[in-house]
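Asks: Encoded as structure tokens, here's the structure I'll be asking about.
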Amino acid sequence: MGCLLGLVLLAACQTTRPLPPVNLGAPGWTLRHGQAVWHVPQGKTEIAGEVLLATRADGEAYAQFTKAALPLVIAQSAPGRWEVTFPPQNKHYAGRGAPPQRLLWLYLPRAAAGGSLPKSWLWRSDARGWKLENPATGEFLEGYFDS
Amino acid sequence: MKTTSKTTPKREGAWRPRIGIAMLAWAALAANAAGVELNRAATAWLAAQTNLQTWSADFVQTRTFKSLTQPLTATGHVWFAAPNRFRWELGHPAQTIAVREADELLIIYPRLKRVEHFPLAGGQAGRWRDALALLEAGFPRSQAELQAQYDVISQTVDGSTGELTLAPKSASARRMMPRIQIVFDTRDHSLRATELHFADGSILRNDFQSPVLNPKLEESLFHPEIPADYKNLEPLKGQP
């Protein structure tokens, strides 16, 4: 997971007020549970885990990647704001505007909703599962959601 | 009636000035806890563990996150065989299976057709080894074993419920998981719950239900046969 530490080199990170905790029980949230493989950028490391993806029509989104219940990534976004936490590294990043392209997890809600992605990024989704990939770095997420 | 025993300082802890204020504060707590004498309920619970050869139970897993206003829950089943084998299955049918073998932890994802191998020995594993090994929390074989792995931070008894709050001695495990609580029944000495507190403030609690003491368990539970079409991976390979 050392590659994750490379994510600290995020140019867009700013000090911002944390997004409020999400109430996934509130009306309007669509929750999807599944599993995925995360192939980290610039390397061969892959790690599998459980995915929770929650989205709202107003653009709010919440994605969580855990391994055997240990949280690895928590990505949260609201219109114009984003933040991501890597608990194993005790790292937290937040910013305004479009998320950095090095934070693939923040783009999963948009991809799953059929939204626009950075140029050259790949997204496929079919009955077998889905895959989000940034070919420039080799990073990808590949998994499925329970039907 | 709830009784709480404060830990009694018995020796000075080792201070490491370079690790920052937060870690220093934690080190102070740990130093205070080191060498604490366990209360009668905890001692009796630990003594009873020597009679436990195998164990299985259903569990309700509750995860609490700072980023969510409400916890997430899941269910599963766990099997344990002394001295240190376990198998956790999360979901029905199992979507994630964690099996501790003699020298590695396997995490199996049947739907992804993938098995990840995490060595539990050698220098490769680092803090992941420590953290994943904490899945064993709740199954100490003796007081000596428990106190070899953990500092006792506090211990309480409330009616028939005993509670031990522990801190991993391993610095790397502690960085990820600074605190663990074990909840047990003071009457029959059964394990009721474990609660793992992570450094980011999230909490993972397993409440055990329908426990069975010393069931006959097939050895294959702890040596799962991996189908030929599964991908075997070692995520930690090459990691510092």
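Following the order of the structure tokens, chains are lettered A, B, ..., residues in each are numbered from 1, and ligands are numbered from 1.
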Near Glu218 of chain B, within 12 Å and counting only C-alpha atoms, which residues show up once chain neighbours fewer than 4 positions away are dropped, as a list in words?
Replies: Thr54, Trp79, Phe80, Ala81, Arg87, Phe222, His223 and Pro224 of chain B
Asks: Please, could you write that set of residues out with C-alpha atoms as an mmCIF file, in the first residue's frame?
Replies:
```
data_model
loop_
_atom_site.group_PDB
_atom_site.id
_atom_site.type_symbol
_atom_site.label_atom_id
_atom_site.label_comp_id
_atom_site.auth_asym_id
_atom_site.auth_seq_id
_atom_site.Cartn_x
_atom_site.Cartn_y
_atom_site.Cartn_z
ATOM 1 C CA THR B 54 -13.376 -24.607 19.522
ATOM 2 C CA TRP B 79 -15.463 -20.209 13.901
ATOM 3 C CA PHE B 80 -12.463 -20.428 16.192
ATOM 4 C CA ALA B 81 -10.121 -23.290 17.073
ATOM 5 C CA ARG B 87 -12.595 -18.215 10.069
ATOM 6 C CA PHE B 222 -9.329 -23.555 8.395
ATOM 7 C CA HIS B 223 -7.702 -24.946 5.260
ATOM 8 C CA PRO B 224 -10.109 -23.937 2.557
#
```
Asks: Determine, using only C-alpha atoms, which residues of chain A have any atom at most 10 Å from an atom of chain B, and tabulate each with its shortest atom pair and distance in Å to one decimal place, rows ordered by chain and then rising number, as CSV.
Replies:
```
residue,atom,partner,partner_atom,distance
A:Met1,CA,B:Gln239,CA,6.9
A:Gly2,CA,B:Gln239,CA,6.5
A:Cys3,CA,B:Gln239,CA,9.0
A:Pro18,CA,B:Ser67,CA,9.4
A:Leu19,CA,B:Ser67,CA,8.2
A:Pro20,CA,B:Ser67,CA,7.2
A:Pro21,CA,B:Ser67,CA,4.3
A:Val22,CA,B:Leu68,CA,4.6
A:Asn23,CA,B:Thr69,CA,5.1
A:Leu24,CA,B:Leu68,CA,7.3
A:Gly25,CA,B:Gln70,CA,7.5
A:Gly34,CA,B:Gln95,CA,9.1
A:Gln35,CA,B:Leu112,CA,7.6
A:Ala36,CA,B:Leu112,CA,7.7
A:Val37,CA,B:Leu112,CA,8.2
A:Lys44,CA,B:Pro235,CA,9.0
A:Thr45,CA,B:Pro235,CA,6.0
A:Glu46,CA,B:Pro235,CA,6.2
A:Ile47,CA,B:Pro235,CA,6.1
A:Ala48,CA,B:Tyr109,CA,7.9
A:Gly49,CA,B:Tyr109,CA,8.3
A:Glu50,CA,B:Thr96,CA,8.3
A:Tyr62,CA,B:Ser67,CA,9.0
A:Lys67,CA,B:Ile107,CA,8.9
A:Ala68,CA,B:Thr96,CA,7.0
A:Ala69,CA,B:Leu204,CA,7.4
A:Leu70,CA,B:Leu204,CA,8.1
A:Pro71,CA,B:Ser202,CA,8.3
A:Ile74,CA,B:Ser67,CA,8.2
A:Ala75,CA,B:Ser67,CA,9.4
A:Gln76,CA,B:Ser67,CA,8.3
A:Thr85,CA,B:Asp200,CA,8.7
A:Phe86,CA,B:Asp200,CA,8.8
A:Pro87,CA,B:Asp200,CA,5.7
A:Pro88,CA,B:Met176,CA,6.0
A:Gln89,CA,B:Met176,CA,8.1
A:Asn90,CA,B:Asp200,CA,6.5
A:Lys91,CA,B:Asp200,CA,8.9
A:His92,CA,B:Asp200,CA,9.5
A:Glu142,CA,B:Leu112,CA,9.6
A:Gly143,CA,B:Leu112,CA,7.6
A:Tyr144,CA,B:Leu112,CA,8.6
```
Asks: Export, as a short mmCIF file (atom, residue, chain, number, x, y, z; two decimals), in the first residue's frame, the selected residues with N, CA and C atoms.
Replies:
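After the write, selection.cif holds the following:
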```cif
data_model
loop_
_atom_site.label_atom_id
_atom_site.label_comp_id
_atom_site.auth_asym_id
_atom_site.auth_seq_id
_atom_site.Cartn_x
_atom_site.Cartn_y
_atom_site.Cartn_z
N MET A 1 0.82 -1.19 0.00
CA MET A 1 0.00 0.00 0.00
C MET A 1 0.86 1.25 0.00
N GLY A 2 2.16 1.04 -0.14
CA GLY A 2 3.04 2.19 -0.14
C GLY A 2 2.71 3.16 -1.25
N CYS A 3 2.17 2.61 -2.34
CA CYS A 3 1.81 3.48 -3.46
C CYS A 3 0.78 4.52 -3.06
N PRO A 18 -14.67 20.43 7.02
CA PRO A 18 -15.09 19.09 6.63
C PRO A 18 -16.55 19.07 6.19
N LEU A 19 -16.83 18.21 5.24
CA LEU A 19 -18.22 18.01 4.85
C LEU A 19 -18.98 17.40 6.04
N PRO A 20 -20.24 17.73 6.20
CA PRO A 20 -20.97 17.17 7.33
C PRO A 20 -21.16 15.67 7.17
N PRO A 21 -21.34 14.96 8.28
CA PRO A 21 -21.61 13.52 8.17
C PRO A 21 -22.85 13.26 7.33
N VAL A 22 -22.81 12.16 6.62
CA VAL A 22 -23.90 11.82 5.70
C VAL A 22 -24.93 10.95 6.42
N ASN A 23 -26.18 11.27 6.21
CA ASN A 23 -27.25 10.44 6.74
C ASN A 23 -27.82 9.60 5.60
N LEU A 24 -27.31 8.40 5.46
CA LEU A 24 -27.73 7.55 4.35
C LEU A 24 -29.16 7.05 4.51
N GLY A 25 -29.71 7.27 5.70
CA GLY A 25 -31.11 6.89 5.92
C GLY A 25 -32.09 7.96 5.48
N GLY A 34 -21.32 -3.74 -2.86
CA GLY A 34 -20.65 -4.70 -3.74
C GLY A 34 -19.22 -4.94 -3.32
N GLN A 35 -18.44 -5.39 -4.24
CA GLN A 35 -17.01 -5.62 -4.00
C GLN A 35 -16.23 -5.14 -5.21
N ALA A 36 -14.98 -4.84 -4.97
CA ALA A 36 -14.16 -4.34 -6.08
C ALA A 36 -12.69 -4.66 -5.84
N VAL A 37 -11.97 -4.62 -6.93
CA VAL A 37 -10.50 -4.70 -6.89
C VAL A 37 -9.97 -3.31 -7.23
N LYS A 44 1.85 -2.62 -9.61
CA LYS A 44 1.12 -3.88 -9.82
C LYS A 44 0.20 -4.19 -8.65
N THR A 45 0.27 -3.37 -7.61
CA THR A 45 -0.48 -3.70 -6.41
C THR A 45 -1.98 -3.64 -6.66
N GLU A 46 -2.64 -4.71 -6.27
CA GLU A 46 -4.09 -4.77 -6.33
C GLU A 46 -4.60 -5.21 -4.97
N ILE A 47 -5.70 -4.64 -4.60
CA ILE A 47 -6.29 -5.06 -3.33
C ILE A 47 -7.80 -5.10 -3.50
N ALA A 48 -8.39 -6.15 -2.95
CA ALA A 48 -9.84 -6.32 -3.07
C ALA A 48 -10.52 -5.87 -1.78
N GLY A 49 -11.78 -5.54 -1.89
CA GLY A 49 -12.52 -5.14 -0.70
C GLY A 49 -13.98 -4.93 -1.00
N GLU A 50 -14.67 -4.48 0.02
CA GLU A 50 -16.10 -4.24 -0.10
C GLU A 50 -16.34 -2.77 -0.44
N TYR A 62 -21.17 9.42 -1.70
CA TYR A 62 -20.37 8.84 -0.63
C TYR A 62 -19.90 7.47 -1.11
N LYS A 67 -11.80 -3.39 3.75
CA LYS A 67 -11.23 -4.73 3.58
C LYS A 67 -11.45 -5.50 4.87
N ALA A 68 -12.22 -6.58 4.79
CA ALA A 68 -12.55 -7.35 5.98
C ALA A 68 -13.00 -6.40 7.09
N ALA A 69 -13.80 -5.43 6.70
CA ALA A 69 -14.39 -4.42 7.60
C ALA A 69 -13.40 -3.35 8.03
N LEU A 70 -12.16 -3.44 7.61
CA LEU A 70 -11.21 -2.36 7.93
C LEU A 70 -11.34 -1.29 6.86
N PRO A 71 -11.63 -0.06 7.25
CA PRO A 71 -11.82 0.98 6.24
C PRO A 71 -10.50 1.36 5.56
N ILE A 74 -12.45 6.38 2.28
CA ILE A 74 -13.77 6.99 2.42
C ILE A 74 -13.75 8.25 1.57
N ALA A 75 -14.58 8.28 0.55
CA ALA A 75 -14.62 9.43 -0.37
C ALA A 75 -16.00 10.05 -0.32
N GLN A 76 -16.03 11.35 -0.16
CA GLN A 76 -17.30 12.04 -0.01
C GLN A 76 -17.27 13.29 -0.88
N THR A 85 -10.54 10.25 2.67
CA THR A 85 -9.75 9.82 3.82
C THR A 85 -9.19 8.44 3.54
N PHE A 86 -7.92 8.26 3.88
CA PHE A 86 -7.27 6.95 3.81
C PHE A 86 -6.93 6.55 5.24
N PRO A 87 -7.85 5.89 5.95
CA PRO A 87 -7.61 5.61 7.36
C PRO A 87 -6.31 4.86 7.67
N PRO A 88 -5.90 3.86 6.87
CA PRO A 88 -4.66 3.17 7.24
C PRO A 88 -3.46 4.10 7.28
N GLN A 89 -3.47 5.11 6.42
CA GLN A 89 -2.35 6.07 6.43
C GLN A 89 -2.65 7.27 7.31
N ASN A 90 -3.86 7.30 7.87
CA ASN A 90 -4.30 8.44 8.67
C ASN A 90 -4.16 9.73 7.86
N LYS A 91 -4.57 9.67 6.60
CA LYS A 91 -4.47 10.84 5.71
C LYS A 91 -5.85 11.31 5.30
N HIS A 92 -5.99 12.61 5.24
CA HIS A 92 -7.27 13.21 4.87
C HIS A 92 -6.99 14.36 3.92
N GLU A 142 -12.39 -2.20 -10.33
CA GLU A 142 -13.19 -3.17 -11.07
C GLU A 142 -14.00 -3.99 -10.09
N GLY A 143 -15.29 -4.04 -10.27
CA GLY A 143 -16.09 -4.77 -9.30
C GLY A 143 -17.50 -4.99 -9.74
N TYR A 144 -18.34 -5.20 -8.76
CA TYR A 144 -19.75 -5.43 -9.03
C TYR A 144 -20.56 -4.83 -7.89
#
```
Asks: Counting only C-alpha atoms, what is within 12 Å of Ala228 of chain B, bar same-chain residues fewer than 2 positions away, as a VMD selection string?
Replies: chain B and resid 113 to 115 225 to 226 230 to 232
Asks: Write the residues of the preceding selection, restricted to C-alpha atoms, as a compact mmCIF listing (two decimals), in the first residue's frame.
Replies:
```txt
# COMPACT_ATOMS: atom_id res chain seq x y z
CA LYS B 113 -12.74 -15.37 -7.59
CA ARG B 114 -9.79 -13.98 -5.72
CA VAL B 115 -7.72 -14.96 -2.70
CA GLU B 225 -9.71 -25.51 -0.82
CA ILE B 226 -9.15 -22.76 -3.33
CA TYR B 230 -9.32 -18.23 -8.38
CA LYS B 231 -6.60 -15.62 -8.63
CA ASN B 232 -4.04 -15.85 -5.82
```
Asks: Using only C-alpha atoms, which residue out of A:Gly80, A:Gly95, A:Gly43, A:Gly59 lies closest to Gly115 of chain A?
Replies: A:Gly59
